[in-house]
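Next comes query.tsv, a file with TSV, C-alpha atoms.
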```tsv
chain	number	residue	atom	x	y	z
A	1	MET	CA	-58.61	-83.55	-272.19
A	2	ALA	CA	-56.69	-81.74	-269.47
A	3	HIS	CA	-54.75	-83.85	-266.97
A	4	LEU	CA	-56.36	-83.82	-263.51
A	5	THR	CA	-54.09	-83.25	-260.55
A	6	ALA	CA	-54.70	-84.23	-256.94
A	7	TRP	CA	-55.88	-80.66	-256.29
A	8	ASP	CA	-58.72	-81.13	-258.77
A	9	HIS	CA	-60.13	-84.17	-256.99
A	10	HIS	CA	-63.37	-83.44	-255.12
A	11	PRO	CA	-64.67	-86.73	-253.73
A	12	GLU	CA	-68.36	-87.05	-253.14
A	13	PRO	CA	-69.44	-87.62	-249.54
A	14	LEU	CA	-71.04	-90.95	-248.68
A	15	ALA	CA	-74.72	-90.95	-249.57
A	16	VAL	CA	-76.98	-91.09	-246.52
A	17	ASP	CA	-79.11	-93.81	-248.07
A	18	SER	CA	-76.05	-96.01	-248.66
A	19	ALA	CA	-75.76	-96.80	-244.95
A	20	PRO	CA	-76.85	-100.39	-244.12
A	21	VAL	CA	-79.94	-99.69	-242.01
A	22	PRO	CA	-80.74	-102.27	-239.27
A	23	GLU	CA	-83.44	-104.86	-239.96
A	24	TYR	CA	-86.12	-103.20	-237.84
A	25	GLY	CA	-89.36	-105.17	-237.92
A	26	SER	CA	-87.93	-108.46	-239.12
A	27	GLY	CA	-84.47	-109.18	-237.69
A	28	SER	CA	-83.29	-106.64	-235.13
A	29	LEU	CA	-82.78	-106.93	-231.39
A	30	ALA	CA	-86.03	-105.04	-230.88
A	31	ASP	CA	-87.87	-107.92	-232.55
A	32	LEU	CA	-86.55	-110.72	-230.32
A	33	LEU	CA	-88.60	-110.52	-227.12
A	34	PRO	CA	-91.90	-109.67	-228.85
A	35	THR	CA	-91.42	-112.78	-231.00
A	36	LEU	CA	-90.73	-114.99	-227.97
A	37	ALA	CA	-93.58	-113.46	-225.96
A	38	ALA	CA	-96.02	-113.89	-228.86
A	39	GLY	CA	-95.09	-117.56	-228.95
A	40	MET	CA	-96.07	-117.81	-225.27
A	41	GLY	CA	-99.43	-116.18	-225.89
A	42	VAL	CA	-98.72	-112.75	-224.40
A	43	PRO	CA	-101.44	-110.35	-225.63
A	44	GLY	CA	-100.37	-107.55	-227.92
A	45	MET	CA	-97.10	-109.18	-228.92
A	46	THR	CA	-96.30	-109.97	-232.56
A	47	ALA	CA	-93.81	-112.53	-233.83
A	48	THR	CA	-91.71	-110.50	-236.26
A	49	ILE	CA	-88.72	-112.88	-236.55
A	50	PRO	CA	-90.48	-115.58	-238.57
A	51	GLU	CA	-87.65	-118.12	-238.27
A	52	LEU	CA	-88.13	-118.67	-234.52
A	53	VAL	CA	-90.29	-121.58	-233.38
A	54	PRO	CA	-92.34	-120.90	-230.21
A	55	ALA	CA	-91.31	-122.47	-226.91
A	56	ASP	CA	-93.01	-122.55	-223.51
A	57	ARG	CA	-89.82	-121.54	-221.72
A	58	ASN	CA	-87.44	-118.98	-223.20
A	59	CYS	CA	-84.09	-117.79	-221.89
A	60	VAL	CA	-82.14	-114.92	-223.43
A	61	PHE	CA	-78.44	-114.83	-222.52
A	62	LEU	CA	-76.98	-111.49	-223.59
A	63	ILE	CA	-73.18	-111.31	-223.85
A	64	ASP	CA	-72.20	-107.66	-223.91
A	65	GLY	CA	-69.96	-106.84	-226.85
A	66	LEU	CA	-69.84	-110.24	-228.57
A	67	GLY	CA	-70.51	-109.43	-232.21
A	68	TRP	CA	-71.19	-111.99	-234.93
A	69	GLU	CA	-67.95	-111.25	-236.75
A	70	GLN	CA	-65.82	-111.48	-233.61
A	71	LEU	CA	-67.34	-114.85	-232.69
A	72	ARG	CA	-66.77	-116.26	-236.16
A	73	ALA	CA	-63.15	-115.04	-236.09
A	74	HIS	CA	-62.30	-117.02	-232.92
A	75	PRO	CA	-63.63	-120.59	-233.28
A	76	GLU	CA	-60.83	-122.09	-231.21
A	77	ASP	CA	-61.67	-119.86	-228.23
A	78	ALA	CA	-65.42	-120.49	-228.34
A	79	PRO	CA	-65.92	-124.07	-229.58
A	80	PHE	CA	-69.39	-124.50	-228.10
A	81	MET	CA	-70.86	-121.27	-229.44
A	82	THR	CA	-69.11	-121.87	-232.77
A	83	SER	CA	-70.89	-125.23	-232.98
A	84	LEU	CA	-74.17	-123.32	-232.68
A	85	LEU	CA	-73.52	-120.82	-235.48
A	86	ALA	CA	-75.54	-122.83	-237.95
A	87	SER	CA	-78.49	-122.68	-235.52
A	88	SER	CA	-78.46	-118.88	-235.42
A	89	ARG	CA	-81.75	-117.15	-236.17
A	90	GLY	CA	-83.87	-120.25	-236.26
A	91	GLY	CA	-81.44	-122.42	-238.20
A	92	THR	CA	-80.86	-119.96	-241.03
A	93	GLY	CA	-77.28	-119.34	-239.87
A	94	ARG	CA	-77.89	-115.59	-240.07
A	95	PRO	CA	-77.27	-112.90	-237.46
A	96	LEU	CA	-79.56	-110.20	-236.12
A	97	THR	CA	-78.83	-106.49	-236.35
A	98	ALA	CA	-78.36	-104.47	-233.18
A	99	GLY	CA	-80.05	-101.22	-234.20
A	100	TYR	CA	-78.55	-97.76	-234.49
A	101	PRO	CA	-76.50	-96.74	-232.72
A	102	ALA	CA	-74.99	-100.11	-231.80
A	103	THR	CA	-74.30	-99.34	-228.16
A	104	THR	CA	-75.32	-100.87	-224.84
A	105	ALA	CA	-77.95	-98.48	-223.47
A	106	VAL	CA	-79.70	-98.27	-226.83
A	107	SER	CA	-79.65	-102.02	-227.42
A	108	LEU	CA	-80.80	-102.97	-223.92
A	109	ALA	CA	-83.74	-100.61	-224.29
A	110	SER	CA	-84.54	-102.09	-227.70
A	111	ILE	CA	-84.40	-105.63	-226.34
A	112	GLY	CA	-86.43	-104.91	-223.23
A	113	THR	CA	-89.16	-102.75	-224.75
A	114	GLY	CA	-89.35	-104.47	-228.11
A	115	LEU	CA	-89.15	-101.03	-229.72
A	116	PRO	CA	-86.54	-99.38	-231.95
A	117	PRO	CA	-84.61	-96.34	-230.67
A	118	GLY	CA	-86.87	-93.77	-232.30
A	119	ALA	CA	-89.74	-95.03	-230.18
A	120	HIS	CA	-88.18	-96.01	-226.85
A	121	GLY	CA	-86.19	-92.78	-226.85
A	122	LEU	CA	-82.65	-93.85	-225.96
A	123	PRO	CA	-81.03	-92.94	-229.30
A	124	GLY	CA	-77.38	-92.75	-228.27
A	125	TYR	CA	-74.71	-93.07	-225.61
A	126	THR	CA	-75.09	-89.38	-224.72
A	127	VAL	CA	-77.90	-87.23	-226.14
A	128	ARG	CA	-79.31	-83.79	-225.49
A	129	ASN	CA	-82.24	-83.50	-223.15
A	130	PRO	CA	-84.48	-80.95	-224.93
A	131	ALA	CA	-86.05	-79.94	-221.61
A	132	THR	CA	-82.74	-78.85	-220.07
A	133	GLY	CA	-80.35	-78.42	-222.99
A	134	GLU	CA	-77.84	-80.67	-221.24
A	135	LEU	CA	-76.18	-83.83	-222.48
A	136	MET	CA	-77.54	-86.92	-220.78
A	137	ASN	CA	-75.51	-90.12	-220.45
A	138	GLN	CA	-78.11	-92.85	-220.92
A	139	LEU	CA	-75.88	-95.66	-219.71
A	140	ARG	CA	-74.99	-94.00	-216.41
A	141	TRP	CA	-78.21	-91.93	-216.31
A	142	GLN	CA	-76.38	-88.68	-215.57
A	143	PRO	CA	-77.66	-86.09	-214.92
A	144	TRP	CA	-80.70	-87.63	-213.26
A	145	THR	CA	-83.86	-87.66	-215.35
A	146	GLU	CA	-87.16	-89.23	-214.33
A	147	PRO	CA	-87.01	-92.71	-215.93
A	148	GLY	CA	-90.72	-93.09	-216.62
A	149	VAL	CA	-90.83	-89.75	-218.41
A	150	TRP	CA	-87.74	-90.46	-220.49
A	151	GLN	CA	-88.95	-93.94	-221.50
A	152	PRO	CA	-92.70	-94.35	-220.80
A	153	TYR	CA	-93.44	-97.67	-222.54
A	154	PRO	CA	-93.88	-100.92	-220.59
A	155	THR	CA	-91.21	-103.55	-221.09
A	156	VAL	CA	-91.94	-106.91	-222.67
A	157	PHE	CA	-91.04	-108.44	-219.30
A	158	GLN	CA	-93.77	-106.40	-217.62
A	159	ARG	CA	-96.34	-107.39	-220.22
A	160	ALA	CA	-95.35	-111.06	-219.98
A	161	HIS	CA	-95.56	-110.97	-216.18
A	162	GLU	CA	-99.03	-109.42	-216.35
A	163	ALA	CA	-100.05	-112.21	-218.73
A	164	GLY	CA	-99.08	-114.86	-216.20
A	165	VAL	CA	-95.67	-115.78	-217.57
A	166	HIS	CA	-93.00	-116.43	-214.92
A	167	THR	CA	-90.53	-113.64	-215.68
A	168	SER	CA	-87.12	-112.97	-214.17
A	169	GLN	CA	-83.78	-111.25	-214.70
A	170	VAL	CA	-80.58	-112.83	-213.39
A	171	THR	CA	-77.63	-110.47	-213.55
A	172	SER	CA	-75.21	-108.44	-211.42
A	173	PRO	CA	-76.65	-107.22	-208.11
A	174	SER	CA	-75.39	-103.72	-208.95
A	175	PHE	CA	-78.00	-103.40	-211.71
A	176	GLU	CA	-81.05	-104.01	-209.54
A	177	SER	CA	-82.07	-100.40	-208.94
A	178	THR	CA	-80.50	-98.57	-211.88
A	179	PRO	CA	-82.72	-96.34	-214.03
A	180	LEU	CA	-81.62	-98.20	-217.17
A	181	THR	CA	-82.82	-101.48	-215.66
A	182	LYS	CA	-86.09	-99.80	-214.72
A	183	VAL	CA	-86.84	-98.47	-218.20
A	184	ALA	CA	-85.46	-101.42	-220.19
A	185	LEU	CA	-85.53	-104.66	-218.22
A	186	SER	CA	-87.96	-104.42	-215.31
A	187	GLY	CA	-90.83	-106.84	-214.81
A	188	GLY	CA	-91.22	-110.01	-212.79
A	189	SER	CA	-88.46	-110.79	-210.31
A	190	PHE	CA	-84.84	-109.61	-210.16
A	191	HIS	CA	-82.08	-111.94	-208.94
A	192	GLY	CA	-78.61	-110.52	-208.39
A	193	ARG	CA	-75.71	-112.95	-208.57
A	194	LEU	CA	-72.01	-112.11	-208.69
A	195	THR	CA	-70.42	-114.94	-210.68
A	196	GLY	CA	-71.26	-116.18	-214.13
A	197	GLU	CA	-71.72	-119.72	-212.85
A	198	GLU	CA	-74.21	-118.58	-210.23
A	199	ARG	CA	-76.15	-116.65	-212.84
A	200	VAL	CA	-76.52	-119.44	-215.38
A	201	ASP	CA	-77.39	-121.99	-212.69
A	202	LEU	CA	-80.10	-119.74	-211.30
A	203	ALA	CA	-81.32	-118.86	-214.81
A	204	ALA	CA	-81.89	-122.58	-215.42
A	205	GLU	CA	-83.78	-122.85	-212.13
A	206	GLN	CA	-85.95	-119.87	-212.98
A	207	LEU	CA	-86.66	-121.30	-216.40
A	208	ALA	CA	-87.97	-124.50	-214.77
A	209	ALA	CA	-90.05	-122.65	-212.16
A	210	ALA	CA	-93.25	-122.52	-214.24
A	211	ASP	CA	-94.89	-123.96	-217.33
A	212	ARG	CA	-94.33	-120.66	-219.14
A	213	SER	CA	-91.12	-118.78	-218.32
A	214	LEU	CA	-89.18	-115.85	-219.74
A	215	VAL	CA	-85.69	-115.43	-218.26
A	216	TYR	CA	-82.97	-112.91	-219.06
A	217	THR	CA	-79.35	-113.18	-217.99
A	218	TYR	CA	-76.29	-111.10	-218.85
A	219	TYR	CA	-72.50	-111.11	-218.89
A	220	ALA	CA	-70.52	-107.86	-219.29
A	221	GLU	CA	-66.80	-108.57	-219.29
A	222	VAL	CA	-66.31	-109.50	-222.95
A	223	ASP	CA	-67.21	-105.89	-223.71
A	224	GLY	CA	-64.97	-104.54	-220.95
A	225	ALA	CA	-61.96	-106.51	-222.18
A	226	GLY	CA	-62.55	-105.34	-225.74
A	227	HIS	CA	-62.71	-101.69	-224.77
A	228	ARG	CA	-59.55	-101.85	-222.65
A	229	TYR	CA	-57.37	-104.24	-224.59
A	230	GLY	CA	-58.92	-104.85	-228.01
A	231	VAL	CA	-60.94	-107.65	-229.56
A	232	ASP	CA	-57.97	-109.86	-230.39
A	233	SER	CA	-56.09	-109.43	-227.10
A	234	ASP	CA	-55.27	-112.31	-224.77
A	235	THR	CA	-57.57	-110.78	-222.16
A	236	TRP	CA	-60.47	-110.60	-224.60
A	237	ARG	CA	-59.86	-114.17	-225.77
A	238	GLY	CA	-59.81	-115.32	-222.15
A	239	GLN	CA	-63.19	-113.73	-221.55
A	240	LEU	CA	-64.56	-115.36	-224.70
A	241	MET	CA	-63.33	-118.76	-223.54
A	242	TYR	CA	-64.94	-118.25	-220.15
A	243	VAL	CA	-68.33	-117.16	-221.45
A	244	ASP	CA	-68.32	-120.02	-223.97
A	245	ARG	CA	-68.16	-122.41	-221.01
A	246	LEU	CA	-71.00	-120.51	-219.32
A	247	VAL	CA	-73.20	-120.89	-222.38
A	248	GLN	CA	-72.52	-124.62	-222.49
A	249	ARG	CA	-73.19	-124.91	-218.75
A	250	LEU	CA	-76.58	-123.24	-219.16
A	251	ALA	CA	-77.45	-125.26	-222.27
A	252	GLU	CA	-76.80	-128.51	-220.42
A	253	GLN	CA	-79.26	-127.52	-217.66
A	254	LEU	CA	-82.25	-126.53	-219.79
A	255	PRO	CA	-85.54	-127.95	-218.51
A	256	PRO	CA	-87.93	-129.57	-221.01
A	257	ARG	CA	-89.73	-127.43	-223.62
A	258	SER	CA	-87.09	-124.69	-223.41
A	259	ALA	CA	-85.27	-122.51	-225.90
A	260	LEU	CA	-82.01	-120.74	-225.06
A	261	TYR	CA	-81.06	-117.77	-227.22
A	262	VAL	CA	-77.54	-116.37	-226.97
A	263	THR	CA	-77.16	-112.88	-228.38
A	264	ALA	CA	-75.32	-109.58	-227.86
A	265	ASP	CA	-75.98	-105.87	-227.80
A	266	HIS	CA	-73.33	-104.94	-230.37
A	267	GLY	CA	-70.03	-106.00	-231.89
A	268	MET	CA	-66.75	-104.12	-231.75
A	269	LEU	CA	-63.64	-103.18	-233.72
A	270	ASP	CA	-60.21	-101.91	-232.74
A	271	VAL	CA	-59.17	-98.45	-233.93
A	272	PRO	CA	-55.45	-97.54	-234.27
A	273	PHE	CA	-53.99	-94.79	-232.10
A	274	ASP	CA	-52.94	-92.21	-234.67
A	275	GLU	CA	-54.27	-88.92	-236.02
A	276	GLN	CA	-55.58	-90.51	-239.21
A	277	HIS	CA	-57.84	-92.90	-237.33
A	278	ARG	CA	-58.65	-90.77	-234.26
A	279	ILE	CA	-59.87	-87.31	-235.20
A	280	ASP	CA	-59.85	-85.10	-232.10
A	281	PHE	CA	-62.87	-82.81	-231.97
A	282	ASP	CA	-61.30	-80.84	-229.12
A	283	GLU	CA	-58.35	-79.91	-231.34
A	284	ASP	CA	-60.18	-79.41	-234.65
A	285	TRP	CA	-61.51	-75.88	-235.07
A	286	GLU	CA	-63.42	-76.76	-238.24
A	287	LEU	CA	-65.48	-79.47	-236.57
A	288	ARG	CA	-66.06	-77.33	-233.49
A	289	ALA	CA	-67.33	-74.30	-235.41
A	290	GLY	CA	-70.99	-73.66	-234.69
A	291	VAL	CA	-71.30	-76.68	-232.37
A	292	ALA	CA	-72.99	-76.23	-229.00
A	293	LEU	CA	-72.80	-79.85	-227.78
A	294	LEU	CA	-71.04	-83.00	-228.94
A	295	GLY	CA	-73.02	-86.12	-228.08
A	296	GLY	CA	-72.99	-89.81	-228.90
A	297	GLU	CA	-69.65	-91.60	-229.02
A	298	GLY	CA	-66.65	-91.87	-231.31
A	299	ARG	CA	-68.27	-93.90	-234.08
A	300	ALA	CA	-71.83	-92.58	-233.71
A	301	ARG	CA	-71.94	-88.86	-233.06
A	302	HIS	CA	-74.89	-86.61	-232.30
A	303	VAL	CA	-73.89	-83.02	-233.06
A	304	TYR	CA	-76.02	-80.20	-231.65
A	305	ALA	CA	-75.53	-76.87	-233.41
A	306	LEU	CA	-75.83	-73.35	-232.10
A	307	PRO	CA	-79.15	-71.79	-233.17
A	308	GLY	CA	-78.98	-70.85	-236.84
A	309	ALA	CA	-75.75	-72.79	-237.49
A	310	GLU	CA	-77.34	-76.15	-238.33
A	311	ASN	CA	-76.75	-76.01	-242.09
A	312	ASP	CA	-73.19	-74.70	-241.72
A	313	VAL	CA	-72.30	-77.48	-239.29
A	314	LEU	CA	-73.80	-80.11	-241.59
A	315	THR	CA	-71.88	-78.73	-244.58
A	316	CYS	CA	-68.60	-78.62	-242.66
A	317	TRP	CA	-68.89	-82.10	-241.17
A	318	ARG	CA	-69.83	-83.52	-244.55
A	319	GLU	CA	-66.86	-81.84	-246.24
A	320	VAL	CA	-64.35	-82.86	-243.56
A	321	LEU	CA	-65.62	-86.37	-242.78
A	322	GLY	CA	-67.90	-87.36	-245.64
A	323	GLU	CA	-65.56	-89.93	-247.19
A	324	GLN	CA	-65.27	-91.85	-243.91
A	325	PHE	CA	-68.60	-91.18	-242.18
A	326	TRP	CA	-72.19	-91.20	-243.26
A	327	VAL	CA	-73.08	-87.62	-242.28
A	328	ALA	CA	-76.77	-86.74	-242.18
A	329	SER	CA	-79.03	-84.03	-240.91
A	330	ARG	CA	-81.51	-85.10	-238.23
A	331	ASP	CA	-84.34	-85.27	-240.76
A	332	GLU	CA	-82.22	-87.17	-243.30
A	333	ALA	CA	-81.22	-89.78	-240.71
A	334	ILE	CA	-84.84	-90.17	-239.63
A	335	ALA	CA	-86.08	-90.43	-243.23
A	336	ALA	CA	-83.42	-93.06	-243.98
A	337	GLY	CA	-84.73	-95.16	-241.08
A	338	TRP	CA	-81.55	-95.14	-238.99
A	339	PHE	CA	-83.50	-95.01	-235.70
A	340	GLY	CA	-86.43	-97.12	-236.84
A	341	PRO	CA	-89.62	-96.65	-238.84
A	342	ARG	CA	-91.03	-93.98	-236.54
A	343	ILE	CA	-89.78	-91.23	-234.27
A	344	ASP	CA	-91.84	-90.27	-231.24
A	345	GLU	CA	-92.29	-86.54	-230.80
A	346	ARG	CA	-90.52	-86.56	-227.42
A	347	VAL	CA	-87.47	-88.23	-229.07
A	348	TYR	CA	-87.06	-85.89	-232.06
A	349	GLY	CA	-85.02	-83.23	-230.23
A	350	ARG	CA	-82.76	-85.81	-228.60
A	351	ILE	CA	-81.31	-86.69	-232.00
A	352	GLY	CA	-78.45	-84.48	-233.17
A	353	ASP	CA	-78.91	-81.69	-235.68
A	354	VAL	CA	-76.16	-83.61	-237.45
A	355	VAL	CA	-75.67	-87.37	-237.10
A	356	ALA	CA	-72.32	-88.90	-238.08
A	357	ALA	CA	-71.91	-92.68	-238.38
A	358	ALA	CA	-68.48	-94.12	-239.15
A	359	ARG	CA	-67.99	-96.37	-242.17
A	360	ASP	CA	-64.18	-96.66	-241.95
A	361	ASP	CA	-62.01	-97.63	-238.97
A	362	VAL	CA	-62.03	-94.12	-237.56
A	363	LEU	CA	-63.25	-92.26	-234.47
A	364	ILE	CA	-64.18	-88.73	-233.60
A	365	ILE	CA	-62.67	-88.56	-230.13
A	366	ALA	CA	-62.81	-85.67	-227.67
A	367	SER	CA	-59.61	-85.92	-225.69
A	368	GLU	CA	-60.50	-83.18	-223.17
A	369	ARG	CA	-64.26	-83.74	-222.79
A	370	GLU	CA	-64.15	-87.54	-222.94
A	371	PRO	CA	-60.68	-88.67	-221.82
A	372	LYS	CA	-61.69	-92.20	-220.81
A	373	GLU	CA	-63.76	-92.91	-223.89
A	374	SER	CA	-61.06	-91.42	-226.12
A	375	ALA	CA	-58.50	-93.89	-224.76
A	376	MET	CA	-60.48	-97.06	-225.54
A	377	VAL	CA	-58.93	-99.61	-227.91
A	378	GLY	CA	-62.13	-101.34	-228.97
A	379	ASN	CA	-65.07	-99.21	-230.11
A	380	HIS	CA	-68.57	-99.57	-231.51
A	381	GLY	CA	-71.71	-97.62	-232.36
A	382	SER	CA	-72.06	-97.44	-236.12
A	383	MET	CA	-73.69	-99.55	-238.83
A	384	THR	CA	-70.74	-101.58	-240.11
A	385	PRO	CA	-71.04	-105.39	-239.92
A	386	ALA	CA	-68.38	-105.59	-237.18
A	387	GLU	CA	-70.56	-103.46	-234.89
A	388	GLN	CA	-74.06	-104.11	-236.11
A	389	LEU	CA	-74.29	-107.89	-236.54
A	390	VAL	CA	-74.99	-109.97	-233.43
A	391	PRO	CA	-75.59	-113.71	-233.08
A	392	LEU	CA	-78.84	-115.37	-232.14
A	393	LEU	CA	-77.56	-118.83	-231.25
A	394	GLU	CA	-80.23	-121.35	-230.31
A	395	VAL	CA	-80.35	-124.43	-228.10
A	396	ARG	CA	-83.64	-126.28	-227.57
A	397	SER	CA	-84.62	-129.05	-225.17
```
Take the structure in this file and express it as structure tokens.
Amino acid sequence: MAHLTAWDHHPEPLAVDSAPVPEYGSGSLADLLPTLAAGMGVPGMTATIPELVPADRNCVFLIDGLGWEQLRAHPEDAPFMTSLLASSRGGTGRPLTAGYPATTAVSLASIGTGLPPGAHGLPGYTVRNPATGELMNQLRWQPWTEPGVWQPYPTVFQRAHEAGVHTSQVTSPSFESTPLTKVALSGGSFHGRLTGEERVDLAAEQLAAADRSLVYTYYAEVDGAGHRYGVDSDTWRGQLMYVDRLVQRLAEQLPPRSALYVTADHGMLDVPFDEQHRIDFDEDWELRAGVALLGGEGRARHVYALPGAENDVLTCWREVLGEQFWVASRDEAIAAGWFGPRIDERVYGRIGDVVAAARDDVLIIASEREPKESAMVGNHGSMTPAEQLVPLLEVRS
């Protein structure tokens, strides 16, 4: 048998169906609010997380960026939440999955609508608007797009409010009139409060305001610290310590017959600053060939090809990145269930002709097009456990 040299090695790209698809329909973020609302008797809602016991008053505290793996890695910084790990997901000690891609706009829409990305229609950080051909940033809602057209489904909060449940959101005042709030979290009353202490105190008050209550509150700075400084930095640890105290403060104020659920929109991992881990699309002629628009984010890319170049772009991206990324055509990603069990017709063209999800600790940055995003230490978006798994800690009164 002839001796094989390094030049003879042709590694196979990662199989599309080997990606760990989120637990849509049984244990994803999209399943949380429908399960809670069903337990409060809201019509049309189905309890799809079977481990959760109904409560008359439910509060969801979402900590942006606090993944399951990051929480478990820092017990000394979050002693209260660590003590609740065994209570996660109805006492099973298991996490939820965020949904793909694991990023804020997508996850907030999944939580608020109770639908996976293929249905609610926010399938990435930036995606192409088929009506205009432009990239749309779904977190910042730029360029402007009519919210009710982009995401036409009612939120679970709206449906609960219509069913007579006292429903409220307690978060930063700056979110009150944003399009993302409108399409993902609207319904009932909005209460803007600046500090974390003010938010959790008011969330407890809102929870006690009626016999049946559904309250949502939110804290962002764990995510911000991770992006800027990394998920093991002193700044990130300080934010974790602070939010741990907020969770305990809220838990100690729960009115009777209440359940508090602490969860997150995604996890995060740090990516080294070198050419092996940060592949620069703006400086890579192979990856740019045939590409009209680069969407998504570093670990979860939507790639939109020039007309007629779709197969060539898929082949190239698979050859260049296939050992480190799951690289799929639009139809392959849809068939594999990455965006959920169904894709609405209006959403189909928002998904890239090529979809690339990172398996290894790598990014596809775009140093010229996306200078701020390309400089982030902590990143997320893909289907790895560090990004995908989020807690569902539970406190009951």
Min atom-atom distance to Gln253 of chain A from the set A:Asp201, A:Glu297, A:Gly340, A:Asp270, counting only C-alpha atoms, belongs to A:Asp201
Exercise for the section: Place a sphere of radius 12 Å on (-87.2, -92.4, -217.7) in the file coordinates and name every protein, DNA or RNA residue with an atom inside or on its surface, counting only C-alpha atoms; give the answer as JSON, numbers by chain. Expected result: {"A": [109, 120, 121, 122, 129, 136, 138, 139, 141, 142, 143, 144, 145, 146, 147, 148, 149, 150, 151, 152, 153, 154, 178, 179, 180, 181, 182, 183, 184, 346]}
Selection to disk with C-alpha atoms, as a short mmCIF file (atom, residue, chain, number, x, y, z; two decimals), in the frame of the given file:
```cif
data_model
loop_
_atom_site.label_atom_id
_atom_site.label_comp_id
_atom_site.auth_asym_id
_atom_site.auth_seq_id
_atom_site.Cartn_x
_atom_site.Cartn_y
_atom_site.Cartn_z
CA ALA A 109 -83.74 -100.61 -224.29
CA HIS A 120 -88.18 -96.01 -226.85
CA GLY A 121 -86.19 -92.78 -226.85
CA LEU A 122 -82.65 -93.85 -225.96
CA ASN A 129 -82.24 -83.50 -223.15
CA MET A 136 -77.54 -86.92 -220.78
CA GLN A 138 -78.11 -92.85 -220.92
CA LEU A 139 -75.88 -95.66 -219.71
CA TRP A 141 -78.21 -91.93 -216.31
CA GLN A 142 -76.38 -88.68 -215.57
CA PRO A 143 -77.66 -86.09 -214.92
CA TRP A 144 -80.70 -87.63 -213.26
CA THR A 145 -83.86 -87.66 -215.35
CA GLU A 146 -87.16 -89.23 -214.33
CA PRO A 147 -87.01 -92.71 -215.93
CA GLY A 148 -90.72 -93.09 -216.62
CA VAL A 149 -90.83 -89.75 -218.41
CA TRP A 150 -87.74 -90.46 -220.49
CA GLN A 151 -88.95 -93.94 -221.50
CA PRO A 152 -92.70 -94.35 -220.80
CA TYR A 153 -93.44 -97.67 -222.54
CA PRO A 154 -93.88 -100.92 -220.59
CA THR A 178 -80.50 -98.57 -211.88
CA PRO A 179 -82.72 -96.34 -214.03
CA LEU A 180 -81.62 -98.20 -217.17
CA THR A 181 -82.82 -101.48 -215.66
CA LYS A 182 -86.09 -99.80 -214.72
CA VAL A 183 -86.84 -98.47 -218.20
CA ALA A 184 -85.46 -101.42 -220.19
CA ARG A 346 -90.52 -86.56 -227.42
#
```
- Using all atoms listed in the file, pick whichever of A:Thr217, A:Glu345, A:Gly298, A:Asn58 has the shortest atom-to-atom distance to Pro371 of chain A.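 Counting all atoms listed in the file, the residue closest to Pro371 of chain A is A:Gly298.
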Atom pair atom CA of Ile279 of chain A + atom CA of Gly226 of chain A, distance 20.5 Å
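The interatomic distance for the pair atom CA of Ser168 of chain A and atom CA of Asp223 of chain A works out to 23.2 Å.
Comparing A:Gly349, A:Gly238, A:Pro307, A:Gly230 by their smallest distance to Met376 of chain A, the closest is A:Gly230 (using all atoms listed in the file).
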Box time for segment 391-397 of chain A: axis-aligned, enclosing all its listed atoms, 8 Å extra on each side; report centre and edge lengths in Å to one decimal, as AutoDock Vina command-line options.
```
--center_x -80.1 --center_y -121.4 --center_z -229.1 --size_x 25.0 --size_y 31.3 --size_z 23.9
```
Nearest to Arg237 of chain A, restricted to only C-alpha atoms and choosing among A:Gly295, A:Pro130, A:Pro75, A:Gly187, comes out as A:Pro75
Can I get the residues of segment 212-313 of chain A within 10 Å of segment 380-387 of chain A, each with the closest pair of atoms and their distance in Å to one decimal, using all atoms listed in the file, sorted chain first then ascending number, as CSV?
```
residue,atom,partner,partner_atom,distance
A:His227,CA,A:His380,CA,9.2
A:Asp265,CA,A:Glu387,CA,9.2
A:His266,CA,A:Glu387,CA,5.5
A:Gly267,CA,A:Glu387,CA,4.0
A:Met268,CA,A:His380,CA,4.9
A:Leu269,CA,A:Ala386,CA,6.3
A:Asp270,CA,A:His380,CA,8.8
A:Val271,CA,A:His380,CA,9.8
A:Gly296,CA,A:Gly381,CA,8.6
A:Glu297,CA,A:Gly381,CA,7.2
A:Gly298,CA,A:Gly381,CA,7.7
A:Arg299,CA,A:Gly381,CA,5.4
A:Ala300,CA,A:Gly381,CA,5.2
A:Arg301,CA,A:Gly381,CA,8.8
```
- request: Please provide the set of residues having any atom within 9 Å of Phe339 of chain A, restricted to only C-alpha atoms, with same-chain residues fewer than 4 positions apart removed, written as a list of chain:residue names.
  value: A:Val21, A:Pro22, A:Tyr24, A:Gly99, A:Tyr100, A:Pro101, A:Pro116, A:Pro117, A:Gly118, A:Ala119, A:Pro123, A:Ala333, A:Ile334, A:Ile343
Counting all atoms listed in the file, closest pick from A:Glu323, A:Ile111, A:Arg288, A:Ser329 relative to Asn311 of chain A is A:Ser329
Expressed in Å, the length from atom CA of Pro34 of chain A to atom CA of Ser189 of chain A is 18.9 Å
List every protein, DNA or RNA residue that has an atom no more than 7 Å from (-75.1, -118.6, -235.1) in the file's coordinate frame, counting only C-alpha atoms, and report them as a compact mmCIF listing (two decimals) with C-alpha atoms, keeping the file's coordinate frame.
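Once everything was written out, this is part20.txt:
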```
# COMPACT_ATOMS: atom_id res chain seq x y z
CA LEU A 84 -74.17 -123.32 -232.68
CA LEU A 85 -73.52 -120.82 -235.48
CA ALA A 86 -75.54 -122.83 -237.95
CA SER A 87 -78.49 -122.68 -235.52
CA SER A 88 -78.46 -118.88 -235.42
CA ARG A 89 -81.75 -117.15 -236.17
CA GLY A 93 -77.28 -119.34 -239.87
CA ARG A 94 -77.89 -115.59 -240.07
CA PRO A 95 -77.27 -112.90 -237.46
CA PRO A 391 -75.59 -113.71 -233.08
CA LEU A 392 -78.84 -115.37 -232.14
CA LEU A 393 -77.56 -118.83 -231.25
```
